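Coordinates as given in entry_15.pdb (PDB, C-alpha atoms, pLDDT in the B column):
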ATOM      1  CA  MET A 109     196.097-303.606 -15.150  1.00 44.00           C
ATOM      2  CA  VAL A 110     193.872-301.791 -12.627  1.00 49.00           C
ATOM      3  CA  GLU A 111     195.424-299.751  -9.820  1.00 48.00           C
ATOM      4  CA  SER A 112     194.568-302.246  -7.036  1.00 47.00           C
ATOM      5  CA  GLU A 113     196.199-305.118  -8.971  1.00 46.00           C
ATOM      6  CA  SER A 114     199.282-302.962  -9.545  1.00 47.00           C
ATOM      7  CA  CYS A 115     199.526-302.213  -5.797  1.00 47.00           C
ATOM      8  CA  ASP A 116     199.145-305.898  -4.939  1.00 48.00           C
ATOM      9  CA  LEU A 117     201.935-306.818  -7.383  1.00 45.00           C
ATOM     10  CA  LEU A 118     204.191-304.100  -5.957  1.00 44.00           C
ATOM     11  CA  HIS A 119     203.527-305.433  -2.432  1.00 43.00           C
ATOM     12  CA  ILE A 120     204.463-308.972  -3.524  1.00 40.00           C
ATOM     13  CA  LEU A 121     207.690-307.753  -5.150  1.00 41.00           C
ATOM     14  CA  ILE A 122     208.645-305.797  -2.011  1.00 42.00           C
ATOM     15  CA  ILE A 123     208.041-308.843   0.195  1.00 42.00           C
ATOM     16  CA  PHE A 124     210.000-311.146  -2.133  1.00 40.00           C
ATOM     17  CA  ARG A 125     212.988-308.822  -2.176  1.00 43.00           C
ATOM     18  CA  LYS A 126     213.025-308.494   1.617  1.00 46.00           C
ATOM     19  CA  ASN A 127     212.506-312.197   2.366  1.00 48.00           C
ATOM     20  CA  LYS A 128     214.588-314.059  -0.207  1.00 49.00           C
ATOM     21  CA  ASN A 129     217.599-313.972   2.147  1.00 54.00           C
ATOM     22  CA  MET A 130     215.595-314.454   5.350  1.00 60.00           C
ATOM     23  CA  LYS A 131     217.645-316.028   8.134  1.00 78.00           C
ATOM     24  CA  ASN A 132     216.286-318.695  10.465  1.00 92.00           C
ATOM     25  CA  LEU A 133     217.092-318.819  14.184  1.00 94.00           C
ATOM     26  CA  ASP A 134     219.918-321.335  13.724  1.00 93.00           C
ATOM     27  CA  ASP A 135     221.567-318.875  11.329  1.00 93.00           C
ATOM     28  CA  ILE A 136     221.120-316.030  13.810  1.00 93.00           C
ATOM     29  CA  PHE A 137     222.319-317.845  16.921  1.00 93.00           C
ATOM     30  CA  TYR A 138     225.028-320.161  15.635  1.00 89.00           C
ATOM     31  CA  LYS A 139     226.632-318.416  12.666  1.00 83.00           C
ATOM     32  CA  SER A 140     229.849-317.681  14.608  1.00 82.00           C
ATOM     33  CA  GLU A 141     231.161-317.406  18.161  1.00 86.00           C
ATOM     34  CA  PRO A 142     230.352-313.952  19.579  1.00 88.00           C
ATOM     35  CA  GLU A 143     233.138-311.662  20.774  1.00 87.00           C
ATOM     36  CA  SER A 144     230.942-309.975  23.400  1.00 83.00           C
ATOM     37  CA  GLU A 145     230.926-311.786  26.767  1.00 80.00           C
ATOM     38  CA  SER A 146     227.240-311.125  27.437  1.00 77.00           C
ATOM     39  CA  LEU A 147     226.291-312.256  23.953  1.00 87.00           C
ATOM     40  CA  TYR A 148     228.454-315.375  24.289  1.00 87.00           C
ATOM     41  CA  TYR A 149     226.462-316.541  27.327  1.00 83.00           C
ATOM     42  CA  LEU A 150     223.118-315.745  25.709  1.00 84.00           C
ATOM     43  CA  VAL A 151     223.929-317.562  22.482  1.00 89.00           C
ATOM     44  CA  ASN A 152     225.164-320.619  24.352  1.00 87.00           C
ATOM     45  CA  ARG A 153     221.883-320.869  26.226  1.00 86.00           C
ATOM     46  CA  GLY A 154     220.233-321.275  22.843  1.00 90.00           C
ATOM     47  CA  TYR A 155     216.885-319.997  21.649  1.00 93.00           C
ATOM     48  CA  ARG A 156     213.296-320.923  22.454  1.00 93.00           C
ATOM     49  CA  GLU A 157     210.459-320.241  20.027  1.00 96.00           C
ATOM     50  CA  CYS A 158     206.728-320.780  20.012  1.00 96.00           C
ATOM     51  CA  GLN A 159     205.891-322.504  16.727  1.00 94.00           C
ATOM     52  CA  ASN A 160     203.602-320.576  14.371  1.00 94.00           C
ATOM     53  CA  GLN A 161     202.539-322.053  11.048  1.00 92.00           C
ATOM     54  CA  ASP A 162     199.056-320.657  10.363  1.00 95.00           C
ATOM     55  CA  GLN A 163     197.020-317.484  10.285  1.00 97.00           C
ATOM     56  CA  LYS A 164     195.395-316.600  13.626  1.00 98.00           C
ATOM     57  CA  ASP A 165     192.908-313.926  14.695  1.00 97.00           C
ATOM     58  CA  VAL A 166     194.747-312.806  17.837  1.00 98.00           C
ATOM     59  CA  LEU A 167     198.483-312.650  18.505  1.00 98.00           C
ATOM     60  CA  PHE A 168     199.876-312.242  22.019  1.00 97.00           C
ATOM     61  CA  VAL A 169     203.392-310.771  22.046  1.00 97.00           C
ATOM     62  CA  GLY A 170     206.013-311.070  24.788  1.00 94.00           C
ATOM     63  CA  LEU A 171     209.623-309.892  24.967  1.00 92.00           C
ATOM     64  CA  ASN A 172     211.745-313.062  25.298  1.00 92.00           C
ATOM     65  CA  PRO A 173     211.715-316.477  27.023  1.00 91.00           C
ATOM     66  CA  PRO A 174     213.146-316.664  30.571  1.00 86.00           C
ATOM     67  CA  GLU A 175     216.582-318.083  31.290  1.00 80.00           C
ATOM     68  CA  ASP A 176     215.207-320.825  33.559  1.00 71.00           C
ATOM     69  CA  GLU A 177     213.879-322.615  30.478  1.00 58.00           C
ATOM     70  CA  TYR A 178     217.411-323.484  29.336  1.00 57.00           C
ATOM     71  CA  ARG A 179     216.798-327.232  29.731  1.00 66.00           C
ATOM     72  CA  LEU A 180     213.723-327.236  27.501  1.00 78.00           C
ATOM     73  CA  GLU A 181     213.498-327.883  23.767  1.00 87.00           C
ATOM     74  CA  PRO A 182     214.132-324.959  21.388  1.00 92.00           C
ATOM     75  CA  THR A 183     210.547-324.980  20.075  1.00 93.00           C
ATOM     76  CA  PHE A 184     207.174-325.533  21.709  1.00 93.00           C
ATOM     77  CA  ASP A 185     203.466-325.577  20.874  1.00 94.00           C
ATOM     78  CA  PHE A 186     201.366-322.784  22.399  1.00 95.00           C
ATOM     79  CA  TYR A 187     198.335-325.052  22.747  1.00 94.00           C
ATOM     80  CA  ASP A 188     199.779-327.760  24.982  1.00 91.00           C
ATOM     81  CA  VAL A 189     202.944-326.370  26.639  1.00 91.00           C
ATOM     82  CA  LEU A 190     202.669-326.868  30.410  1.00 88.00           C
ATOM     83  CA  ASP A 191     204.515-323.715  31.469  1.00 88.00           C
ATOM     84  CA  SER A 192     202.433-321.861  34.103  1.00 87.00           C
ATOM     85  CA  PHE A 193     202.449-318.595  32.126  1.00 90.00           C
ATOM     86  CA  PHE A 194     200.884-320.255  29.083  1.00 93.00           C
ATOM     87  CA  ILE A 195     198.389-322.222  31.166  1.00 93.00           C
ATOM     88  CA  LYS A 196     197.165-318.894  32.631  1.00 91.00           C
ATOM     89  CA  LEU A 197     197.147-317.236  29.215  1.00 94.00           C
ATOM     90  CA  ARG A 198     195.087-320.041  27.623  1.00 95.00           C
ATOM     91  CA  LYS A 199     192.637-319.863  30.541  1.00 94.00           C
ATOM     92  CA  PHE A 200     192.352-316.085  30.064  1.00 94.00           C
ATOM     93  CA  ILE A 201     191.652-316.505  26.344  1.00 96.00           C
ATOM     94  CA  LYS A 202     188.904-319.050  26.965  1.00 96.00           C
ATOM     95  CA  THR A 203     187.316-317.600  30.101  1.00 95.00           C
ATOM     96  CA  GLU A 204     187.714-313.815  30.064  1.00 94.00           C
ATOM     97  CA  ALA A 205     188.086-313.196  26.312  1.00 96.00           C
ATOM     98  CA  GLY A 206     185.555-315.868  25.328  1.00 97.00           C
ATOM     99  CA  LEU A 207     187.658-316.945  22.347  1.00 97.00           C
ATOM    100  CA  ASP A 208     188.811-320.272  20.966  1.00 98.00           C
ATOM    101  CA  VAL A 209     192.441-320.829  21.948  1.00 97.00           C
ATOM    102  CA  ASN A 210     193.007-322.368  18.496  1.00 97.00           C
ATOM    103  CA  ASP A 211     192.268-318.950  16.953  1.00 97.00           C
ATOM    104  CA  CYS A 212     195.106-317.356  18.926  1.00 98.00           C
ATOM    105  CA  ALA A 213     198.896-317.425  18.740  1.00 98.00           C
ATOM    106  CA  TYR A 214     201.893-316.326  20.775  1.00 98.00           C
ATOM    107  CA  THR A 215     205.348-315.069  19.895  1.00 98.00           C
ATOM    108  CA  ASP A 216     208.213-313.342  21.635  1.00 96.00           C
ATOM    109  CA  LEU A 217     210.017-310.533  19.844  1.00 95.00           C
ATOM    110  CA  PHE A 218     213.364-312.087  20.781  1.00 95.00           C
ATOM    111  CA  TYR A 219     214.291-315.718  21.331  1.00 95.00           C
ATOM    112  CA  PHE A 220     217.341-315.645  23.627  1.00 92.00           C
ATOM    113  CA  ARG A 221     216.680-317.070  27.105  1.00 89.00           C
ATOM    114  CA  GLN A 222     217.126-314.395  29.717  1.00 85.00           C
ATOM    115  CA  THR A 223     215.388-313.115  32.843  1.00 79.00           C
ATOM    116  CA  GLN A 224     214.930-309.410  33.451  1.00 65.00           C
ATOM    117  CA  TYR A 225     217.691-308.869  35.987  1.00 56.00           C
ATOM    118  CA  ASP A 226     220.235-311.189  34.424  1.00 57.00           C
ATOM    119  CA  LYS A 227     223.793-309.823  34.747  1.00 53.00           C
ATOM    120  CA  PHE A 228     224.350-310.658  31.080  1.00 51.00           C
ATOM    121  CA  TRP A 229     221.637-308.270  29.917  1.00 64.00           C
ATOM    122  CA  ILE A 230     222.275-307.457  26.282  1.00 71.00           C
ATOM    123  CA  ASN A 231     223.808-304.089  25.390  1.00 73.00           C
ATOM    124  CA  GLU A 232     221.882-302.688  22.442  1.00 73.00           C
ATOM    125  CA  TYR A 233     224.538-299.986  21.939  1.00 77.00           C
ATOM    126  CA  ASP A 234     227.207-302.599  21.194  1.00 83.00           C
ATOM    127  CA  LYS A 235     227.400-303.144  17.422  1.00 87.00           C
ATOM    128  CA  GLU A 236     227.502-306.948  17.649  1.00 89.00           C
ATOM    129  CA  CYS A 237     224.673-307.088  20.198  1.00 87.00           C
ATOM    130  CA  LYS A 238     222.514-304.659  18.231  1.00 88.00           C
ATOM    131  CA  SER A 239     222.957-306.759  15.087  1.00 91.00           C
ATOM    132  CA  PHE A 240     221.870-309.812  17.095  1.00 92.00           C
ATOM    133  CA  LEU A 241     218.693-307.997  18.193  1.00 91.00           C
ATOM    134  CA  ILE A 242     217.941-306.650  14.725  1.00 92.00           C
ATOM    135  CA  GLU A 243     218.202-310.061  13.057  1.00 94.00           C
ATOM    136  CA  GLN A 244     215.638-311.451  15.503  1.00 95.00           C
ATOM    137  CA  LEU A 245     213.283-308.503  14.961  1.00 94.00           C
ATOM    138  CA  VAL A 246     213.474-309.021  11.188  1.00 95.00           C
ATOM    139  CA  TYR A 247     212.633-312.698  11.710  1.00 96.00           C
ATOM    140  CA  THR A 248     209.704-311.841  14.023  1.00 97.00           C
ATOM    141  CA  GLU A 249     208.313-309.093  11.799  1.00 95.00           C
ATOM    142  CA  HIS A 250     208.242-311.487   8.848  1.00 94.00           C
ATOM    143  CA  LYS A 251     206.517-314.160  10.946  1.00 96.00           C
ATOM    144  CA  ILE A 252     203.821-311.742  12.135  1.00 96.00           C
ATOM    145  CA  ARG A 253     203.160-310.246   8.711  1.00 93.00           C
ATOM    146  CA  GLU A 254     203.462-313.279   6.451  1.00 93.00           C
ATOM    147  CA  ILE A 255     202.443-316.256   8.632  1.00 96.00           C
ATOM    148  CA  ILE A 256     200.262-315.277  11.603  1.00 97.00           C
ATOM    149  CA  LYS A 257     198.584-312.279   9.905  1.00 96.00           C
ATOM    150  CA  PRO A 258     196.639-311.329  13.050  1.00 97.00           C
ATOM    151  CA  LYS A 259     193.600-309.110  13.212  1.00 97.00           C
ATOM    152  CA  VAL A 260     194.402-308.094  16.794  1.00 98.00           C
ATOM    153  CA  ILE A 261     197.814-307.901  18.499  1.00 98.00           C
ATOM    154  CA  VAL A 262     197.967-307.869  22.317  1.00 96.00           C
ATOM    155  CA  VAL A 263     201.390-306.699  23.558  1.00 95.00           C
ATOM    156  CA  LEU A 264     202.031-308.151  27.016  1.00 93.00           C
ATOM    157  CA  ASN A 265     205.306-306.349  27.792  1.00 88.00           C
ATOM    158  CA  SER A 266     206.119-302.638  27.821  1.00 85.00           C
ATOM    159  CA  ASP A 267     209.652-303.220  26.496  1.00 85.00           C
ATOM    160  CA  ALA A 268     208.178-305.265  23.641  1.00 89.00           C
ATOM    161  CA  ALA A 269     205.893-302.326  22.838  1.00 89.00           C
ATOM    162  CA  ASP A 270     208.954-300.072  22.742  1.00 87.00           C
ATOM    163  CA  TYR A 271     210.877-302.357  20.352  1.00 89.00           C
ATOM    164  CA  MET A 272     207.821-302.584  18.103  1.00 91.00           C
ATOM    165  CA  GLY A 273     207.811-298.796  17.909  1.00 86.00           C
ATOM    166  CA  LEU A 274     204.557-298.100  19.759  1.00 82.00           C
ATOM    167  CA  GLU A 275     206.148-295.646  22.204  1.00 68.00           C
ATOM    168  CA  ASP A 276     207.513-293.614  19.295  1.00 61.00           C
ATOM    169  CA  ASN A 277     203.952-292.688  18.376  1.00 54.00           C
ATOM    170  CA  TYR A 278     203.929-290.519  21.521  1.00 51.00           C
ATOM    171  CA  ARG A 279     207.265-288.940  20.568  1.00 52.00           C
ATOM    172  CA  ASN A 280     206.136-288.433  16.956  1.00 49.00           C
ATOM    173  CA  GLU A 281     209.112-290.389  15.625  1.00 51.00           C
ATOM    174  CA  SER A 282     208.519-292.102  12.289  1.00 47.00           C
ATOM    175  CA  LYS A 283     211.147-294.841  12.449  1.00 50.00           C
ATOM    176  CA  SER A 284     212.389-297.050  15.270  1.00 68.00           C
ATOM    177  CA  TRP A 285     213.253-300.742  15.537  1.00 87.00           C
ATOM    178  CA  MET A 286     210.288-302.611  13.971  1.00 91.00           C
ATOM    179  CA  GLY A 287     208.731-299.267  13.061  1.00 90.00           C
ATOM    180  CA  TYR A 288     205.042-299.915  13.749  1.00 92.00           C
ATOM    181  CA  LYS A 289     203.362-296.595  12.960  1.00 90.00           C
ATOM    182  CA  CYS A 290     199.957-296.388  14.625  1.00 90.00           C
ATOM    183  CA  ASP A 291     197.101-294.018  15.336  1.00 90.00           C
ATOM    184  CA  TRP A 292     195.388-294.085  18.717  1.00 91.00           C
ATOM    185  CA  ASN A 293     191.636-294.582  18.246  1.00 92.00           C
ATOM    186  CA  ARG A 294     189.681-293.209  21.199  1.00 93.00           C
ATOM    187  CA  ASP A 295     186.449-294.882  20.132  1.00 93.00           C
ATOM    188  CA  LEU A 296     188.072-298.327  19.964  1.00 92.00           C
ATOM    189  CA  GLY A 297     190.451-297.817  22.893  1.00 91.00           C
ATOM    190  CA  CYS A 298     193.451-299.234  21.028  1.00 94.00           C
ATOM    191  CA  TYR A 299     196.119-298.458  18.453  1.00 94.00           C
ATOM    192  CA  VAL A 300     195.399-298.993  14.764  1.00 95.00           C
ATOM    193  CA  LEU A 301     198.416-299.988  12.672  1.00 94.00           C
ATOM    194  CA  LYS A 302     198.716-297.745   9.626  1.00 89.00           C
ATOM    195  CA  GLU A 303     202.155-298.550   8.234  1.00 90.00           C
ATOM    196  CA  ILE A 304     205.494-300.168   9.000  1.00 91.00           C
ATOM    197  CA  ASN A 305     208.374-297.728   8.646  1.00 88.00           C
ATOM    198  CA  SER A 306     211.638-298.980  10.135  1.00 89.00           C
ATOM    199  CA  ASP A 307     215.255-297.863  10.069  1.00 86.00           C
ATOM    200  CA  ILE A 308     216.186-301.539   9.732  1.00 90.00           C
ATOM    201  CA  PRO A 309     216.850-302.013   5.970  1.00 89.00           C
ATOM    202  CA  GLU A 310     215.551-305.613   5.962  1.00 89.00           C
ATOM    203  CA  ILE A 311     212.187-304.273   7.169  1.00 91.00           C
ATOM    204  CA  GLY A 312     212.148-300.775   5.695  1.00 89.00           C
ATOM    205  CA  SER A 313     208.833-299.250   4.664  1.00 89.00           C
ATOM    206  CA  ILE A 314     205.969-301.688   4.144  1.00 88.00           C
ATOM    207  CA  PRO A 315     202.379-300.715   3.287  1.00 86.00           C
ATOM    208  CA  VAL A 316     199.713-302.250   5.529  1.00 86.00           C
ATOM    209  CA  GLN A 317     197.020-303.944   3.477  1.00 82.00           C
ATOM    210  CA  ARG A 318     194.334-303.802   6.179  1.00 88.00           C
ATOM    211  CA  GLU A 319     193.784-302.328   9.641  1.00 89.00           C
ATOM    212  CA  ILE A 320     195.319-304.242  12.542  1.00 96.00           C
ATOM    213  CA  TYR A 321     194.264-303.410  16.094  1.00 97.00           C
ATOM    214  CA  ILE A 322     197.057-303.283  18.690  1.00 96.00           C
ATOM    215  CA  LEU A 323     196.283-303.365  22.392  1.00 94.00           C
ATOM    216  CA  PRO A 324     199.083-302.784  24.955  1.00 90.00           C
ATOM    217  CA  ALA A 325     198.506-304.858  28.117  1.00 88.00           C
ATOM    218  CA  SER A 326     200.560-305.632  31.199  1.00 74.00           C
ATOM    219  CA  PHE A 327     201.556-309.162  32.203  1.00 66.00           C
ATOM    220  CA  LEU A 328     198.212-310.863  32.783  1.00 62.00           C
ATOM    221  CA  SER A 329     199.056-312.588  36.061  1.00 55.00           C
ATOM    222  CA  LEU A 330     199.664-309.202  37.726  1.00 56.00           C
ATOM    223  CA  ARG A 331     196.152-307.948  36.984  1.00 70.00           C
ATOM    224  CA  SER A 332     193.069-308.222  39.157  1.00 79.00           C
ATOM    225  CA  LYS A 333     190.260-310.505  37.994  1.00 84.00           C
ATOM    226  CA  HIS A 334     188.099-307.441  37.271  1.00 85.00           C
ATOM    227  CA  ILE A 335     190.734-305.889  34.987  1.00 87.00           C
ATOM    228  CA  LYS A 336     191.182-309.263  33.294  1.00 89.00           C
ATOM    229  CA  LYS A 337     187.463-309.349  32.488  1.00 91.00           C
ATOM    230  CA  LEU A 338     187.610-305.847  31.026  1.00 91.00           C
ATOM    231  CA  LEU A 339     190.674-306.685  28.923  1.00 92.00           C
ATOM    232  CA  GLY A 340     189.064-309.930  27.750  1.00 94.00           C
ATOM    233  CA  TRP A 341     185.918-308.069  26.728  1.00 95.00           C
ATOM    234  CA  GLN A 342     188.014-305.523  24.826  1.00 95.00           C
ATOM    235  CA  ILE A 343     189.937-308.204  22.904  1.00 96.00           C
ATOM    236  CA  ASN A 344     186.731-310.045  22.014  1.00 97.00           C
ATOM    237  CA  ARG A 345     185.144-306.790  20.851  1.00 97.00           C
ATOM    238  CA  LEU A 346     188.089-305.928  18.611  1.00 97.00           C
ATOM    239  CA  VAL A 347     188.110-309.416  17.050  1.00 97.00           C
ATOM    240  CA  ARG A 348     184.387-309.188  16.261  1.00 96.00           C
ATOM    241  CA  MET A 349     184.839-305.704  14.800  1.00 94.00           C
ATOM    242  CA  ALA A 350     187.799-306.799  12.640  1.00 94.00           C
ATOM    243  CA  LYS A 351     185.858-309.788  11.320  1.00 94.00           C
ATOM    244  CA  SER A 352     182.865-307.602  10.562  1.00 93.00           C
ATOM    245  CA  ASN A 353     185.058-305.144   8.617  1.00 89.00           C
ATOM    246  CA  LEU A 354     186.423-308.048   6.577  1.00 88.00           C
ATOM    247  CA  GLY A 355     182.974-309.523   5.960  1.00 88.00           C
ATOM    248  CA  GLU A 356     183.753-312.670   7.966  1.00 86.00           C
ATOM    249  CA  VAL A 357     180.734-312.337  10.285  1.00 72.00           C
TER     250      VAL A 357
END
Here is a file; write its structure as structure tokens.
Amino acid sequence: MVESESCDLLHILIIFRKNKNMKNLDDIFYKSEPESESLYYLVNRGYRECQNQDQKDVLFVGLNPPEDEYRLEPTFDFYDVLDSFFIKLRKFIKTEAGLDVNDCAYTDLFYFRQTQYDKFWINEYDKECKSFLIEQLVYTEHKIREIIKPKVIVVLNSDAADYMGLEDNYRNESKSWMGYKCDWNRDLGCYVLKEINSDIPEIGSIPVQREIYILPASFLSLRSKHIKKLLGWQINRLVRMAKSNLGEV
């Protein structure tokens, strides 16, 4: 067996071991009644998830769905949901980025419904609450790596970037939350994912099979039209570069 085949087999065995007991969102949210008051209210609001079933070139990442969506269904389709945020995002993809919306996907890192200044904001230092967060991150990390498999990740929320581990690259910390270990590439103007190295045992250390470009970006609706054009151009450029590196262009 050649070395590359051996590495591929090792990667498959690592993934199988990590994912054979993978929980779904029903398991995470409704396994038992929480003891924490804040967690009790969050769990009872239920979850909301953007459905992802196929590989996509670009993944947009948010933090979590807002609390005012509590009356809506637990899952939705990125391509036809009528929420104003997603209408603006689809328009940005088509107009400023010049990409096909069907080549893009969206996910939140967490799926509990909560607005930023909610009095029931989750306490990540509470053992029960932290476990609740970790289980969702494990679920999301698996979805990104094994289903969406993006070439470019656009992170739309600074807290989401922190939970992914991007801020730890400034602090030179090797492990945190999802544990995305990146190098900043000045020529490309983005992060390049090199490895996943997380303190969360269900994620652990995972070799990255190919380069993934990660671009931190603020909430699109708060940006001027000129900045939107620049960001769209950057995303388009990174997609074309990734495809060229993979021999898809």
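CA of Gly340 (chain A) lies 26.8 Å from CA of Gly287 (chain A).
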**Message:** Residues near region 146-155 of chain A, anyone? I mean within 12 Å using all atoms listed in the file, not counting same-chain ones fewer than 2 positions away, as a PyMOL selection string.
**Reply:** chain A and resi 132-144+157-158+172-184+216-223+226-232+234-241+244
Given the PyMOL selection byres ((chain A and resi 165) around 10) and the file above, list the residues it selects as an mmCIF file with C-alpha atoms, keeping the file's coordinate frame.
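Once written, selection_26.cif looks like this:
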data_model
loop_
_atom_site.group_PDB
_atom_site.id
_atom_site.type_symbol
_atom_site.label_atom_id
_atom_site.label_comp_id
_atom_site.auth_asym_id
_atom_site.auth_seq_id
_atom_site.Cartn_x
_atom_site.Cartn_y
_atom_site.Cartn_z
ATOM 1 C CA GLN A 163 197.020 -317.484 10.285
ATOM 2 C CA LYS A 164 195.395 -316.600 13.626
ATOM 3 C CA VAL A 166 194.747 -312.806 17.837
ATOM 4 C CA LEU A 167 198.483 -312.650 18.505
ATOM 5 C CA LEU A 207 187.658 -316.945 22.347
ATOM 6 C CA ASP A 208 188.811 -320.272 20.966
ATOM 7 C CA ASN A 210 193.007 -322.368 18.496
ATOM 8 C CA ASP A 211 192.268 -318.950 16.953
ATOM 9 C CA CYS A 212 195.106 -317.356 18.926
ATOM 10 C CA ALA A 213 198.896 -317.425 18.740
ATOM 11 C CA ILE A 256 200.262 -315.277 11.603
ATOM 12 C CA LYS A 257 198.584 -312.279 9.905
ATOM 13 C CA PRO A 258 196.639 -311.329 13.050
ATOM 14 C CA LYS A 259 193.600 -309.110 13.212
ATOM 15 C CA VAL A 260 194.402 -308.094 16.794
ATOM 16 C CA ILE A 261 197.814 -307.901 18.499
ATOM 17 C CA VAL A 347 188.110 -309.416 17.050
ATOM 18 C CA ARG A 348 184.387 -309.188 16.261
ATOM 19 C CA ALA A 350 187.799 -306.799 12.640
ATOM 20 C CA LYS A 351 185.858 -309.788 11.320
#
**Request:** Please write as a list in words the list of polymer residues whose atoms come within 6 Å of (212.2, -299.3, 10.8), counting all atoms listed in the file and keeping to the coordinates of the file.
**Result:** Lys283, Ser284, Trp285, Met286, Gly287, Asn305, Ser306, Asp307, Ile308 and Gly312 of chain A
Store the residues picked out above in a file with C-alpha atoms, as a short mmCIF file (atom, residue, chain, number, x, y, z; two decimals), in the frame of the given file.
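Result went into selection_23.cif, see below:
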data_model
loop_
_atom_site.label_atom_id
_atom_site.label_comp_id
_atom_site.auth_asym_id
_atom_site.auth_seq_id
_atom_site.Cartn_x
_atom_site.Cartn_y
_atom_site.Cartn_z
CA LYS A 283 211.15 -294.84 12.45
CA SER A 284 212.39 -297.05 15.27
CA TRP A 285 213.25 -300.74 15.54
CA MET A 286 210.29 -302.61 13.97
CA GLY A 287 208.73 -299.27 13.06
CA ASN A 305 208.37 -297.73 8.65
CA SER A 306 211.64 -298.98 10.14
CA ASP A 307 215.26 -297.86 10.07
CA ILE A 308 216.19 -301.54 9.73
CA GLY A 312 212.15 -300.77 5.70
#
Closest contacts (region 166-283 of chain A/region 319-326 of chain A, max 12 Å, only C-alpha atoms) as JSON lines:
{"residue": "A:Val166", "atom": "CA", "partner": "A:Tyr321", "partner_atom": "CA", "distance": 9.6}
{"residue": "A:Leu167", "atom": "CA", "partner": "A:Ile322", "partner_atom": "CA", "distance": 9.5}
{"residue": "A:Phe168", "atom": "CA", "partner": "A:Leu323", "partner_atom": "CA", "distance": 9.6}
{"residue": "A:Val169", "atom": "CA", "partner": "A:Pro324", "partner_atom": "CA", "distance": 9.5}
{"residue": "A:Gly170", "atom": "CA", "partner": "A:Ser326", "partner_atom": "CA", "distance": 10.0}
{"residue": "A:Leu171", "atom": "CA", "partner": "A:Ser326", "partner_atom": "CA", "distance": 11.8}
{"residue": "A:Ile252", "atom": "CA", "partner": "A:Ile320", "partner_atom": "CA", "distance": 11.3}
{"residue": "A:Arg253", "atom": "CA", "partner": "A:Ile320", "partner_atom": "CA", "distance": 10.6}
{"residue": "A:Lys257", "atom": "CA", "partner": "A:Ile320", "partner_atom": "CA", "distance": 9.1}
{"residue": "A:Pro258", "atom": "CA", "partner": "A:Ile320", "partner_atom": "CA", "distance": 7.2}
{"residue": "A:Lys259", "atom": "CA", "partner": "A:Ile320", "partner_atom": "CA", "distance": 5.2}
{"residue": "A:Val260", "atom": "CA", "partner": "A:Tyr321", "partner_atom": "CA", "distance": 4.7}
{"residue": "A:Ile261", "atom": "CA", "partner": "A:Ile322", "partner_atom": "CA", "distance": 4.7}
{"residue": "A:Val262", "atom": "CA", "partner": "A:Leu323", "partner_atom": "CA", "distance": 4.8}
{"residue": "A:Val263", "atom": "CA", "partner": "A:Pro324", "partner_atom": "CA", "distance": 4.8}
{"residue": "A:Leu264", "atom": "CA", "partner": "A:Ala325", "partner_atom": "CA", "distance": 4.9}
{"residue": "A:Asn265", "atom": "CA", "partner": "A:Ser326", "partner_atom": "CA", "distance": 5.9}
{"residue": "A:Ser266", "atom": "CA", "partner": "A:Ser326", "partner_atom": "CA", "distance": 7.2}
{"residue": "A:Asp267", "atom": "CA", "partner": "A:Ser326", "partner_atom": "CA", "distance": 10.5}
{"residue": "A:Ala268", "atom": "CA", "partner": "A:Pro324", "partner_atom": "CA", "distance": 9.5}
{"residue": "A:Ala269", "atom": "CA", "partner": "A:Pro324", "partner_atom": "CA", "distance": 7.1}
{"residue": "A:Asp270", "atom": "CA", "partner": "A:Pro324", "partner_atom": "CA", "distance": 10.5}
{"residue": "A:Met272", "atom": "CA", "partner": "A:Ile322", "partner_atom": "CA", "distance": 10.8}
{"residue": "A:Gly273", "atom": "CA", "partner": "A:Ile322", "partner_atom": "CA", "distance": 11.7}
{"residue": "A:Leu274", "atom": "CA", "partner": "A:Pro324", "partner_atom": "CA", "distance": 8.9}
{"residue": "A:Glu275", "atom": "CA", "partner": "A:Pro324", "partner_atom": "CA", "distance": 10.4}
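Here CA of His250 (chain A) is placed at a distance of 24.5 Å from CA of Glu356 (chain A).
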**Request:** Between CA of Leu296 (chain A) and CA of Asn353 (chain A), measure the distance and give it in Å to one decimal.
**Result:** 13.6 Å
Mind filling out region 214-220 of chain A with N, CA and C atoms and sending it as a tab-separated table (two decimals), in the frame of the given file?
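Output below, filename rebuild-v7.tsv:
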chain	number	residue	atom	x	y	z
A	214	TYR	N	200.96	-317.04	19.90
A	214	TYR	CA	201.89	-316.33	20.78
A	214	TYR	C	203.26	-316.27	20.10
A	215	THR	N	203.94	-315.15	20.28
A	215	THR	CA	205.35	-315.07	19.90
A	215	THR	C	206.07	-314.09	20.81
A	216	ASP	N	207.34	-314.35	21.04
A	216	ASP	CA	208.21	-313.34	21.64
A	216	ASP	C	208.84	-312.54	20.51
A	217	LEU	N	209.27	-311.31	20.84
A	217	LEU	CA	210.02	-310.53	19.84
A	217	LEU	C	211.42	-311.09	19.67
A	218	PHE	N	212.01	-311.52	20.78
A	218	PHE	CA	213.36	-312.09	20.78
A	218	PHE	C	213.30	-313.51	21.32
A	219	TYR	N	214.35	-314.29	21.03
A	219	TYR	CA	214.29	-315.72	21.33
A	219	TYR	C	215.42	-316.19	22.24
A	220	PHE	N	216.30	-315.27	22.67
A	220	PHE	CA	217.34	-315.64	23.63
A	220	PHE	C	216.71	-315.81	25.01
